[in-house]
file start.txt (compact mmCIF, C-alpha atoms and all ligand atoms)
# COMPACT_ATOMS: atom_id res chain seq x y z
CA MET A 1 6.74 -25.91 -6.34
CA ARG A 2 7.12 -22.37 -7.62
CA SER A 3 8.04 -19.61 -5.23
CA GLY A 4 9.31 -16.05 -5.41
CA THR A 5 8.93 -12.36 -4.77
CA VAL A 6 6.86 -9.98 -6.88
CA ALA A 7 7.20 -6.21 -6.61
CA VAL A 8 3.89 -4.41 -7.07
CA ILE A 9 4.71 -1.13 -8.76
CA GLY A 10 2.69 1.72 -10.23
CA LYS A 11 1.65 5.32 -9.87
CA ALA A 12 0.29 6.54 -6.55
CA ASN A 13 -3.38 5.65 -6.07
CA ALA A 14 -3.36 3.08 -8.91
CA GLY A 15 -4.83 0.38 -6.65
CA LYS A 16 -1.71 -1.63 -5.73
CA SER A 17 -2.42 -2.17 -2.05
CA THR A 18 -6.05 -3.06 -2.72
CA LEU A 19 -4.92 -5.65 -5.24
CA VAL A 20 -2.33 -7.15 -2.87
CA ASN A 21 -4.92 -7.37 -0.08
CA VAL A 22 -7.43 -9.14 -2.31
CA LEU A 23 -4.88 -11.55 -3.79
CA VAL A 24 -3.50 -12.48 -0.35
CA GLY A 25 -7.00 -12.60 1.09
CA GLU A 26 -6.17 -10.47 4.13
CA LYS A 27 -5.61 -6.82 4.86
CA ILE A 28 -1.86 -6.44 4.57
CA ALA A 29 -1.65 -2.79 3.57
CA ILE A 30 -3.86 0.21 4.25
CA VAL A 31 -5.87 1.74 1.41
CA SER A 32 -7.30 5.20 0.81
CA PRO A 33 -8.52 7.38 -2.06
CA LYS A 34 -5.54 9.70 -1.52
CA PRO A 35 -2.24 9.24 -3.38
CA GLN A 36 0.83 8.30 -1.33
CA THR A 37 -1.04 6.12 1.13
CA THR A 38 1.67 3.43 1.24
CA ARG A 39 5.00 4.68 2.63
CA ASP A 40 6.97 1.46 3.16
CA ARG A 41 7.56 -1.76 1.34
CA ILE A 42 5.19 -4.29 2.83
CA MET A 43 5.18 -7.96 2.02
CA GLY A 44 1.94 -9.85 1.53
CA ILE A 45 2.40 -13.59 1.19
CA LEU A 46 0.04 -15.92 -0.64
CA THR A 47 0.70 -19.63 -0.08
CA ARG A 48 -1.08 -22.39 -1.96
CA GLU A 49 -0.26 -26.07 -2.31
CA GLU A 50 1.70 -25.65 -5.55
CA TYR A 51 3.17 -22.20 -5.10
CA GLN A 52 3.99 -19.24 -2.90
CA ILE A 53 3.89 -15.62 -4.07
CA ALA A 54 5.50 -13.00 -1.83
CA PHE A 55 4.07 -9.69 -3.04
CA VAL A 56 6.09 -6.60 -2.20
CA ASP A 57 3.69 -3.66 -2.05
CA THR A 58 5.51 -0.36 -2.63
CA PRO A 59 4.92 3.39 -2.33
CA GLY A 60 3.25 4.64 -5.51
CA LEU A 61 5.30 6.58 -8.04
CA PHE A 62 4.92 10.30 -7.43
CA LYS A 63 6.93 13.45 -8.00
CA TYR A 64 8.67 14.02 -4.73
CA ASN A 65 8.68 17.28 -2.85
CA ASN A 66 10.23 16.41 0.50
CA ALA A 67 12.74 14.01 2.04
CA LEU A 68 10.05 11.51 3.03
CA THR A 69 8.64 11.10 -0.49
CA GLU A 70 12.16 10.98 -1.87
CA LEU A 71 12.91 8.09 0.48
CA MET A 72 9.65 6.44 -0.56
CA MET A 73 10.68 6.58 -4.22
CA ARG A 74 14.07 5.06 -3.40
CA THR A 75 12.25 2.27 -1.54
CA THR A 76 10.22 1.51 -4.65
CA GLU A 77 13.26 1.61 -6.95
CA THR A 78 15.17 -0.79 -4.70
CA ALA A 79 12.21 -3.15 -4.47
CA SER A 80 11.88 -3.33 -8.26
CA LYS A 81 15.46 -4.56 -8.52
CA GLU A 82 15.41 -7.23 -5.81
CA VAL A 83 12.55 -9.41 -6.96
CA ASP A 84 11.79 -12.38 -9.21
CA ALA A 85 9.02 -10.55 -11.06
CA ILE A 86 7.23 -7.22 -11.32
CA LEU A 87 3.51 -6.65 -11.35
CA PHE A 88 2.93 -3.20 -12.79
CA VAL A 89 -0.45 -1.82 -11.73
CA LEU A 90 -2.20 0.64 -14.00
CA ASP A 91 -5.40 2.45 -13.06
CA GLY A 92 -7.68 1.54 -15.96
CA HIS A 93 -10.39 4.07 -15.29
CA GLU A 94 -7.89 6.95 -15.42
CA GLY A 95 -7.36 6.15 -19.11
CA VAL A 96 -3.92 5.25 -20.50
CA ARG A 97 -1.49 7.77 -21.93
CA GLU A 98 1.77 7.39 -23.74
CA GLU A 99 3.59 8.43 -20.55
CA ASP A 100 2.16 5.32 -18.86
CA ALA A 101 3.64 3.17 -21.61
CA GLU A 102 6.99 4.94 -21.19
CA LEU A 103 6.93 4.24 -17.47
CA ILE A 104 6.09 0.57 -18.02
CA LYS A 105 8.90 0.28 -20.56
CA LYS A 106 11.32 1.73 -18.03
CA TYR A 107 10.58 -1.24 -15.75
CA GLU A 108 10.66 -3.71 -18.64
CA ALA A 109 14.22 -2.51 -19.26
CA LEU A 110 15.23 -4.01 -15.89
CA HIS A 111 14.78 -7.43 -17.56
CA VAL A 112 12.80 -8.83 -14.69
CA PRO A 113 9.76 -10.90 -15.81
CA MET A 114 6.81 -8.52 -15.79
CA LEU A 115 3.03 -8.32 -16.12
CA VAL A 116 0.64 -5.41 -16.24
CA ALA A 117 -2.53 -5.45 -14.15
CA PHE A 118 -5.01 -3.04 -15.64
CA THR A 119 -7.21 -2.47 -12.63
CA LYS A 120 -10.46 -0.73 -11.58
CA THR A 121 -12.19 -2.10 -14.70
CA ASP A 122 -15.44 -2.12 -12.69
CA ILE A 123 -15.65 1.67 -13.01
CA MET A 124 -14.74 2.04 -16.68
CA PRO A 125 -16.68 1.40 -19.89
CA LYS A 126 -16.10 -2.18 -21.06
CA GLU A 127 -15.22 -1.23 -24.64
CA LYS A 128 -12.33 0.91 -23.40
CA ILE A 129 -10.44 -2.14 -22.07
CA PRO A 130 -9.26 -3.67 -25.38
CA GLU A 131 -8.62 -0.16 -26.73
CA ALA A 132 -6.29 0.58 -23.83
CA ALA A 133 -4.44 -2.73 -24.16
CA LYS A 134 -3.99 -2.08 -27.89
CA ALA A 135 -2.70 1.44 -27.26
CA LEU A 136 -0.12 0.14 -24.78
CA PHE A 137 1.00 -2.45 -27.32
CA GLU A 138 1.31 0.20 -30.04
CA TRP A 139 3.40 2.37 -27.75
CA GLY A 140 5.79 -0.54 -27.41
CA VAL A 141 4.77 -2.25 -24.17
CA ALA A 142 5.78 -5.91 -24.44
CA SER A 143 4.33 -7.29 -21.20
CA ASP A 144 1.00 -9.11 -21.11
CA VAL A 145 -1.85 -6.93 -19.87
CA TYR A 146 -4.47 -8.37 -17.49
CA PRO A 147 -7.65 -6.35 -17.01
CA VAL A 148 -8.86 -6.91 -13.43
CA SER A 149 -11.06 -5.45 -10.76
CA ALA A 150 -9.77 -5.85 -7.22
CA ARG A 151 -13.01 -4.48 -5.87
CA LYS A 152 -15.23 -6.90 -7.79
CA GLY A 153 -12.75 -9.78 -7.72
CA LYS A 154 -12.71 -9.94 -11.51
CA ASN A 155 -10.10 -11.91 -13.46
CA LEU A 156 -7.90 -12.31 -10.40
CA LYS A 157 -7.50 -16.08 -10.78
CA LYS A 158 -6.09 -15.59 -14.28
CA LEU A 159 -3.74 -12.90 -13.05
CA GLU A 160 -2.59 -15.10 -10.17
CA GLU A 161 -1.84 -17.99 -12.52
CA ALA A 162 0.07 -15.70 -14.85
CA ILE A 163 2.16 -14.39 -11.95
CA VAL A 164 2.98 -17.92 -10.81
CA SER A 165 4.19 -18.81 -14.29
CA LEU A 166 6.87 -16.10 -13.96
CA LEU A 167 8.28 -17.47 -10.70
CA PRO A 168 11.25 -19.81 -10.39
CA GLU A 169 11.02 -23.38 -9.13
CA GLY A 170 11.99 -23.56 -5.49
CA GLU A 171 10.97 -24.08 -1.91
CA PRO A 172 8.68 -21.55 -0.19
CA LEU A 173 10.50 -18.55 1.27
CA PHE A 174 8.08 -18.20 4.20
CA PRO A 175 6.19 -20.61 6.47
CA GLU A 176 2.69 -21.25 5.11
CA ASP A 177 0.86 -19.49 7.96
CA VAL A 178 2.76 -16.22 7.50
CA VAL A 179 0.88 -13.57 5.51
CA SER A 180 2.98 -10.46 6.13
CA ASP A 181 6.50 -9.48 7.09
CA ARG A 182 5.22 -6.67 9.28
CA SER A 183 4.46 -6.76 13.01
CA GLU A 184 1.07 -6.24 14.65
CA LYS A 185 2.45 -3.01 16.11
CA PHE A 186 3.31 -1.73 12.62
CA MET A 187 -0.17 -2.59 11.35
CA VAL A 188 -1.81 -0.84 14.30
CA ALA A 189 0.11 2.35 13.48
CA GLU A 190 -0.90 1.99 9.83
CA LEU A 191 -4.58 1.55 10.71
CA MET A 192 -4.41 4.80 12.66
CA ARG A 193 -2.83 6.51 9.66
CA GLU A 194 -5.47 5.06 7.34
CA LYS A 195 -8.30 6.58 9.37
CA ILE A 196 -6.53 9.94 9.31
CA LEU A 197 -6.19 9.67 5.52
CA LEU A 198 -9.92 8.97 5.33
CA LYS A 199 -11.03 11.71 7.76
CA TYR A 200 -8.86 14.71 6.97
CA GLU A 201 -8.18 16.70 3.83
CA LYS A 202 -5.29 18.20 1.88
CA GLU A 203 -1.79 18.11 3.35
CA ILE A 204 -2.81 17.13 6.87
CA PRO A 205 -2.83 13.32 6.50
CA HIS A 206 0.33 13.38 4.38
CA GLY A 207 2.15 15.22 7.16
CA VAL A 208 1.20 12.71 9.84
CA ALA A 209 3.39 10.03 11.38
CA ILE A 210 2.30 7.55 14.03
CA LEU A 211 4.52 6.61 16.91
CA VAL A 212 3.28 3.69 19.00
CA ASN A 213 4.63 4.08 22.53
CA THR A 214 2.72 1.33 24.31
CA PHE A 215 1.62 -1.94 22.77
CA GLU A 216 0.81 -4.40 25.53
CA LYS A 217 -1.35 -7.45 25.75
CA HIS A 218 -2.91 -7.96 29.15
CA GLU A 219 -3.67 -11.30 30.80
CA ASN A 220 -7.37 -10.98 29.98
CA GLY A 221 -6.45 -10.76 26.28
CA ALA A 222 -7.13 -7.03 25.85
CA TYR A 223 -4.55 -4.70 24.34
CA GLU A 224 -3.42 -1.43 25.78
CA ILE A 225 -2.19 0.84 23.02
CA SER A 226 -0.92 4.36 23.35
CA LEU A 227 0.31 6.33 20.37
CA ASP A 228 1.37 9.76 19.22
CA ILE A 229 -0.09 11.31 16.11
CA VAL A 230 2.72 13.57 14.99
CA CYS A 231 1.84 16.35 12.60
CA GLU A 232 4.05 18.99 11.03
CA LYS A 233 2.26 22.29 11.77
CA LYS A 234 0.52 23.87 14.77
CA ASN A 235 -2.60 24.63 12.75
CA HIS A 236 -2.72 21.00 11.61
CA LYS A 237 -2.79 19.96 15.26
CA ALA A 238 -5.81 22.18 15.90
CA ILE A 239 -7.66 20.70 12.93
CA LEU A 240 -6.73 17.15 13.88
CA ILE A 241 -8.11 17.65 17.38
CA GLY A 242 -11.21 19.60 16.36
CA LYS A 243 -13.68 21.47 18.55
CA GLN A 244 -13.29 20.17 22.11
CA GLY A 245 -11.51 17.14 20.76
CA SER A 246 -14.51 15.98 18.74
CA ALA A 247 -12.60 15.22 15.54
CA ILE A 248 -9.81 13.23 17.14
CA LYS A 249 -12.25 11.32 19.34
CA GLU A 250 -14.19 10.20 16.32
CA THR A 251 -11.06 9.28 14.36
CA ALA A 252 -9.52 7.35 17.26
CA SER A 253 -12.73 5.44 17.83
CA PHE A 254 -12.89 4.57 14.12
CA ALA A 255 -9.27 3.33 14.28
CA ARG A 256 -9.81 1.41 17.52
CA LYS A 257 -12.66 -0.60 15.99
CA ASP A 258 -10.41 -1.65 13.11
CA MET A 259 -7.55 -2.48 15.49
CA GLU A 260 -9.93 -4.70 17.47
CA LYS A 261 -10.98 -6.47 14.31
CA PHE A 262 -7.36 -6.92 13.27
CA LEU A 263 -6.11 -8.13 16.69
CA GLY A 264 -9.26 -10.08 17.50
CA ALA A 265 -9.38 -8.56 20.98
CA LYS A 266 -10.54 -5.56 22.94
CA VAL A 267 -8.33 -2.49 22.55
CA TYR A 268 -7.87 0.38 24.98
CA LEU A 269 -6.50 3.18 22.85
CA THR A 270 -5.00 6.46 24.00
CA VAL A 271 -3.85 9.03 21.43
CA PHE A 272 -1.85 12.24 21.75
CA VAL A 273 -1.43 14.80 18.98
CA LYS A 274 2.03 16.36 18.75
CA VAL A 275 3.80 18.78 16.44
CA ARG A 276 7.25 18.27 14.97
CA GLU A 277 7.73 21.16 12.57
CA ASP A 278 8.34 19.94 9.02
CA TRP A 279 9.50 16.50 10.13
CA ARG A 280 9.15 15.21 6.55
CA ASP A 281 12.29 17.14 5.66
CA ARG A 282 14.27 16.22 8.76
CA THR A 283 15.94 12.84 8.41
CA ALA A 284 16.62 12.38 12.14
CA LEU A 285 12.92 12.76 12.91
CA MET A 286 11.96 10.61 9.95
CA LYS A 287 14.17 7.88 11.32
CA GLU A 288 12.60 8.20 14.76
CA PHE A 289 9.19 7.69 13.14
CA GLY A 290 10.35 4.59 11.29
CA TYR A 291 11.22 6.04 7.90
CA SER A 292 14.80 5.32 6.94
CA GLU A 293 16.77 3.23 4.51
CA GLU A 294 16.70 -0.34 5.84
N1 LIG A 301 -13.64 0.91 -8.22
C1 LIG A 301 -12.47 0.42 -7.83
N2 LIG A 301 -11.70 1.11 -6.97
C2 LIG A 301 -10.51 0.58 -6.60
C3 LIG A 301 -10.06 -0.68 -7.09
N3 LIG A 301 -8.85 -0.92 -6.55
C4 LIG A 301 -8.56 0.15 -5.75
N4 LIG A 301 -9.55 1.05 -5.77
C5 LIG A 301 -9.62 2.33 -5.04
O1 LIG A 301 -8.54 3.13 -5.45
C6 LIG A 301 -8.05 3.93 -4.36
C7 LIG A 301 -6.55 3.72 -4.21
O2 LIG A 301 -6.31 2.39 -3.81
P1 LIG A 301 -4.95 1.93 -3.12
O3 LIG A 301 -4.97 0.44 -3.09
O4 LIG A 301 -4.72 2.65 -1.83
O5 LIG A 301 -3.88 2.44 -4.20
P2 LIG A 301 -2.28 2.35 -4.16
O6 LIG A 301 -1.84 2.11 -5.53
O7 LIG A 301 -1.85 1.36 -3.14
O8 LIG A 301 -1.93 3.84 -3.70
P3 LIG A 301 -0.55 4.37 -3.00
O9 LIG A 301 -0.27 3.53 -1.83
O10 LIG A 301 -0.92 5.77 -2.62
O11 LIG A 301 0.48 4.33 -4.06
C8 LIG A 301 -8.87 3.51 -3.14
O12 LIG A 301 -9.89 4.43 -2.94
C9 LIG A 301 -9.40 2.15 -3.55
O13 LIG A 301 -10.62 1.82 -2.90
C10 LIG A 301 -10.91 -1.40 -8.00
O14 LIG A 301 -10.62 -2.50 -8.47
N5 LIG A 301 -12.10 -0.79 -8.32
MG MG A 302 -0.67 1.55 -1.48

call {"tool": "encode", "arguments": {"input": "start.txt", "output": "structure tokens"}}
result
Amino acid sequence: MRSGTVAVIGKANAGKSTLVNVLVGEKIAIVSPKPQTTRDRIMGILTREEYQIAFVDTPGLFKYNNALTELMMRTTETASKEVDAILFVLDGHEGVREEDAELIKKYEALHVPMLVAFTKTDIMPKEKIPEAAKALFEWGVASDVYPVSARKGKNLKKLEEAIVSLLPEGEPLFPEDVVSDRSEKFMVAELMREKILLKYEKEIPHGVAILVNTFEKHENGAYEISLDIVCEKKNHKAILIGKQGSAIKETASFARKDMEKFLGAKVYLTVFVKVREDWRDRTALMKEFGYSEE
């Protein structure tokens, strides 16, 4: 039996969380077209008869501009050093540059077994794929490059097999029915944040934190969930709520449907929008909202 942990690393928006979700076969991490969607390390565990891969999804690499993103980058750095292997995810359709190769080589220098997943190949011209792999090689990247499409499920079996070959022999680290190291309550907060990322523009979603105050399962199986959507500016609050609450109603309803799908039960959701001025630069508030060094 092979078993181990694999850090999934790459620039923000590269497609890491999408890839982890597809490989595990369940929604472990939220996904959006905006960079910096993932804020925590989240484990997604794939168990098969002959192996277990514990993927560690990480916040995408991004120049930081506040205490929260700085913490996110530290989270990613730590994750890359505590694993059996690294899966570096590169957005294929963005086109590769020498700086990508330099970044990959920085992780190769950690001397952890590593592979490169060259993803989103479904939205790039086919002939560009070998060209990109060759360019990476010429810039000195030593890791094997696997072109894949998470969206179309292309080449994933090959990638999975290659990942397994990097893992040590050993017993599974997690019971076979466990797919994530995160709680249902955490995922519910993340689903709320995902809908905000999808519905609002610019800085607003990046300045939002979700605080779940009530998470209760009633005897009839339904969940009662109450949460705060904390934003960092008064004018953000107004936009989040919208005219007569129309925007927030729509967003909450969108989130509730996904929570019901995830929990497999009816959800009664109450949301409040609050302001905590510039909380992303205030470590005490960050900690209160769940963002601190573990
Ligand atoms: N066409 C296409 N789009 C993809 C693919 N994989 C991911 N995407 C899209 O790329 C965007 C970013 O995906 P994420 O999985 O959130 O990226 P990430 O690397 O986790 O981003 P951060 O968490 O912000 O670092 C989303 O809009 C995805 O739907 C793919 O294989 N093909
Ligand atoms: Mg992500």

call {"tool": "closest_residue", "arguments": {"input": "start.txt", "among": "A:Phe55, A:Leu23, A:Met286, A:Thr18", "to": "A:Leu159", "atoms": "all atoms listed in the file"}}
result
A:Leu23

call {"tool": "closest_residue", "arguments": {"input": "start.txt", "among": "A:Gln52, A:Thr58, A:Asn220, A:Thr121", "to": "A:His93", "atoms": "only C-alpha atoms"}}
result
A:Thr121

call {"tool": "residues_near_ligand", "arguments": {"input": "start.txt", "ligand": "ligand MG 302 (chain A)", "cutoff": "8 Å", "atoms": "all atoms listed in the file", "output": "list in words"}}
result
Ala12, Asn13, Gly15, Lys16, Ser17, Thr18, Ala29, Ile30, Val31, Ser32, Gln36, Thr37, Thr38, Arg39, Asp57, Thr58, Pro59 and Gly60 of chain A

call {"tool": "residues_near_point", "arguments": {"input": "start.txt", "point": "(3.6, 16.6, 12.4)", "cutoff": "9 Å", "atoms": "all atoms listed in the file", "output": "list in words"}}
result
Ile204, Gly207, Val208, Ala209, Ile229, Val230, Cys231, Glu232, Lys233, Lys234, His236, Lys237, Val273, Lys274, Val275, Arg276, Glu277, Asp278, Trp279 and Arg280 of chain A

call {"tool": "residues_around", "arguments": {"input": "start.txt", "residues": "stretch 70-86 of chain A", "least_positions_apart": "2", "cutoff": "8 Å", "atoms": "only C-alpha atoms", "output": "ChimeraX atom specification"}}
result
/A:4-9,39-41,56,58-62,64-68,88,107,110,112-115,163,166-168,291-293

call {"tool": "closest_residue", "arguments": {"input": "start.txt", "among": "A:Ser143, A:Thr283, A:Asn213, A:Asn155", "to": "ligand LIG 301 (chain A)", "atoms": "all atoms listed in the file"}}
result
A:Asn155

call {"tool": "closest_residue", "arguments": {"input": "start.txt", "among": "A:Met124, A:Ala150, A:Val22, A:Ala238", "to": "ligand LIG 301 (chain A)", "atoms": "all atoms listed in the file"}}
result
A:Ala150

call {"tool": "closest_residue", "arguments": {"input": "start.txt", "among": "A:Pro33, A:Pro172, A:Pro147, A:Gly95", "to": "ligand LIG 301 (chain A)", "atoms": "all atoms listed in the file"}}
result
A:Pro33

call {"tool": "residues_near_point", "arguments": {"input": "start.txt", "point": "(-4.6, -4.5, 25.2)", "cutoff": "12 Å", "atoms": "only C-alpha atoms", "output": "JSON, numbers by chain"}}
result
{"A": [185, 188, 214, 215, 216, 217, 218, 219, 220, 221, 222, 223, 224, 225, 226, 256, 259, 260, 263, 264, 265, 266, 267, 268, 269, 270]}

call {"tool": "write_last_selection", "arguments": {"input": "start.txt", "atoms": "C-alpha atoms", "output": "PDB file, in the frame of the given file"}}
result
ATOM      1  CA  LYS A 185       2.450  -3.010  16.110  1.00  0.00           C
ATOM      2  CA  VAL A 188      -1.810  -0.840  14.300  1.00  0.00           C
ATOM      3  CA  THR A 214       2.720   1.330  24.310  1.00  0.00           C
ATOM      4  CA  PHE A 215       1.620  -1.940  22.770  1.00  0.00           C
ATOM      5  CA  GLU A 216       0.810  -4.400  25.530  1.00  0.00           C
ATOM      6  CA  LYS A 217      -1.350  -7.450  25.750  1.00  0.00           C
ATOM      7  CA  HIS A 218      -2.910  -7.960  29.150  1.00  0.00           C
ATOM      8  CA  GLU A 219      -3.670 -11.300  30.800  1.00  0.00           C
ATOM      9  CA  ASN A 220      -7.370 -10.980  29.980  1.00  0.00           C
ATOM     10  CA  GLY A 221      -6.450 -10.760  26.280  1.00  0.00           C
ATOM     11  CA  ALA A 222      -7.130  -7.030  25.850  1.00  0.00           C
ATOM     12  CA  TYR A 223      -4.550  -4.700  24.340  1.00  0.00           C
ATOM     13  CA  GLU A 224      -3.420  -1.430  25.780  1.00  0.00           C
ATOM     14  CA  ILE A 225      -2.190   0.840  23.020  1.00  0.00           C
ATOM     15  CA  SER A 226      -0.920   4.360  23.350  1.00  0.00           C
ATOM     16  CA  ARG A 256      -9.810   1.410  17.520  1.00  0.00           C
ATOM     17  CA  MET A 259      -7.550  -2.480  15.490  1.00  0.00           C
ATOM     18  CA  GLU A 260      -9.930  -4.700  17.470  1.00  0.00           C
ATOM     19  CA  LEU A 263      -6.110  -8.130  16.690  1.00  0.00           C
ATOM     20  CA  GLY A 264      -9.260 -10.080  17.500  1.00  0.00           C
ATOM     21  CA  ALA A 265      -9.380  -8.560  20.980  1.00  0.00           C
ATOM     22  CA  LYS A 266     -10.540  -5.560  22.940  1.00  0.00           C
ATOM     23  CA  VAL A 267      -8.330  -2.490  22.550  1.00  0.00           C
ATOM     24  CA  TYR A 268      -7.870   0.380  24.980  1.00  0.00           C
ATOM     25  CA  LEU A 269      -6.500   3.180  22.850  1.00  0.00           C
ATOM     26  CA  THR A 270      -5.000   6.460  24.000  1.00  0.00           C
TER      27      THR A 270
END

call {"tool": "build_atoms", "arguments": {"input": "start.txt", "residues": "stretch 19-34 of chain A", "atoms": "N, CA and C atoms", "output": "tab-separated table (two decimals), in the coordinates of the input"}}
result
chain	number	residue	atom	x	y	z
A	19	LEU	N	-5.13	-4.43	-4.48
A	19	LEU	CA	-4.92	-5.65	-5.24
A	19	LEU	C	-4.15	-6.69	-4.41
A	20	VAL	N	-3.11	-6.23	-3.72
A	20	VAL	CA	-2.33	-7.15	-2.87
A	20	VAL	C	-3.23	-7.74	-1.78
A	21	ASN	N	-4.03	-6.89	-1.15
A	21	ASN	CA	-4.92	-7.37	-0.08
A	21	ASN	C	-5.88	-8.43	-0.61
A	22	VAL	N	-6.44	-8.19	-1.78
A	22	VAL	CA	-7.43	-9.14	-2.31
A	22	VAL	C	-6.74	-10.44	-2.73
A	23	LEU	N	-5.57	-10.34	-3.34
A	23	LEU	CA	-4.88	-11.55	-3.79
A	23	LEU	C	-4.45	-12.40	-2.59
A	24	VAL	N	-3.94	-11.74	-1.55
A	24	VAL	CA	-3.50	-12.48	-0.35
A	24	VAL	C	-4.70	-12.96	0.46
A	25	GLY	N	-5.80	-12.20	0.37
A	25	GLY	CA	-7.00	-12.60	1.09
A	25	GLY	C	-7.06	-12.05	2.50
A	26	GLU	N	-6.17	-11.13	2.82
A	26	GLU	CA	-6.17	-10.47	4.13
A	26	GLU	C	-5.70	-9.04	3.97
A	27	LYS	N	-6.08	-8.20	4.93
A	27	LYS	CA	-5.61	-6.82	4.86
A	27	LYS	C	-4.16	-6.73	5.31
A	28	ILE	N	-3.30	-6.52	4.33
A	28	ILE	CA	-1.86	-6.44	4.57
A	28	ILE	C	-1.45	-4.98	4.62
A	29	ALA	N	-2.06	-4.18	3.73
A	29	ALA	CA	-1.65	-2.79	3.57
A	29	ALA	C	-2.89	-1.90	3.63
A	30	ILE	N	-2.72	-0.71	4.17
A	30	ILE	CA	-3.86	0.21	4.25
A	30	ILE	C	-4.14	0.80	2.86
A	31	VAL	N	-5.38	1.27	2.70
A	31	VAL	CA	-5.87	1.74	1.41
A	31	VAL	C	-6.63	3.05	1.63
A	32	SER	N	-6.47	4.00	0.74
A	32	SER	CA	-7.30	5.20	0.81
A	32	SER	C	-7.41	5.83	-0.57
A	33	PRO	N	-8.38	6.72	-0.75
A	33	PRO	CA	-8.52	7.38	-2.06
A	33	PRO	C	-7.44	8.43	-2.30
A	34	LYS	N	-6.58	8.68	-1.33
A	34	LYS	CA	-5.54	9.70	-1.52
A	34	LYS	C	-4.24	9.08	-2.00
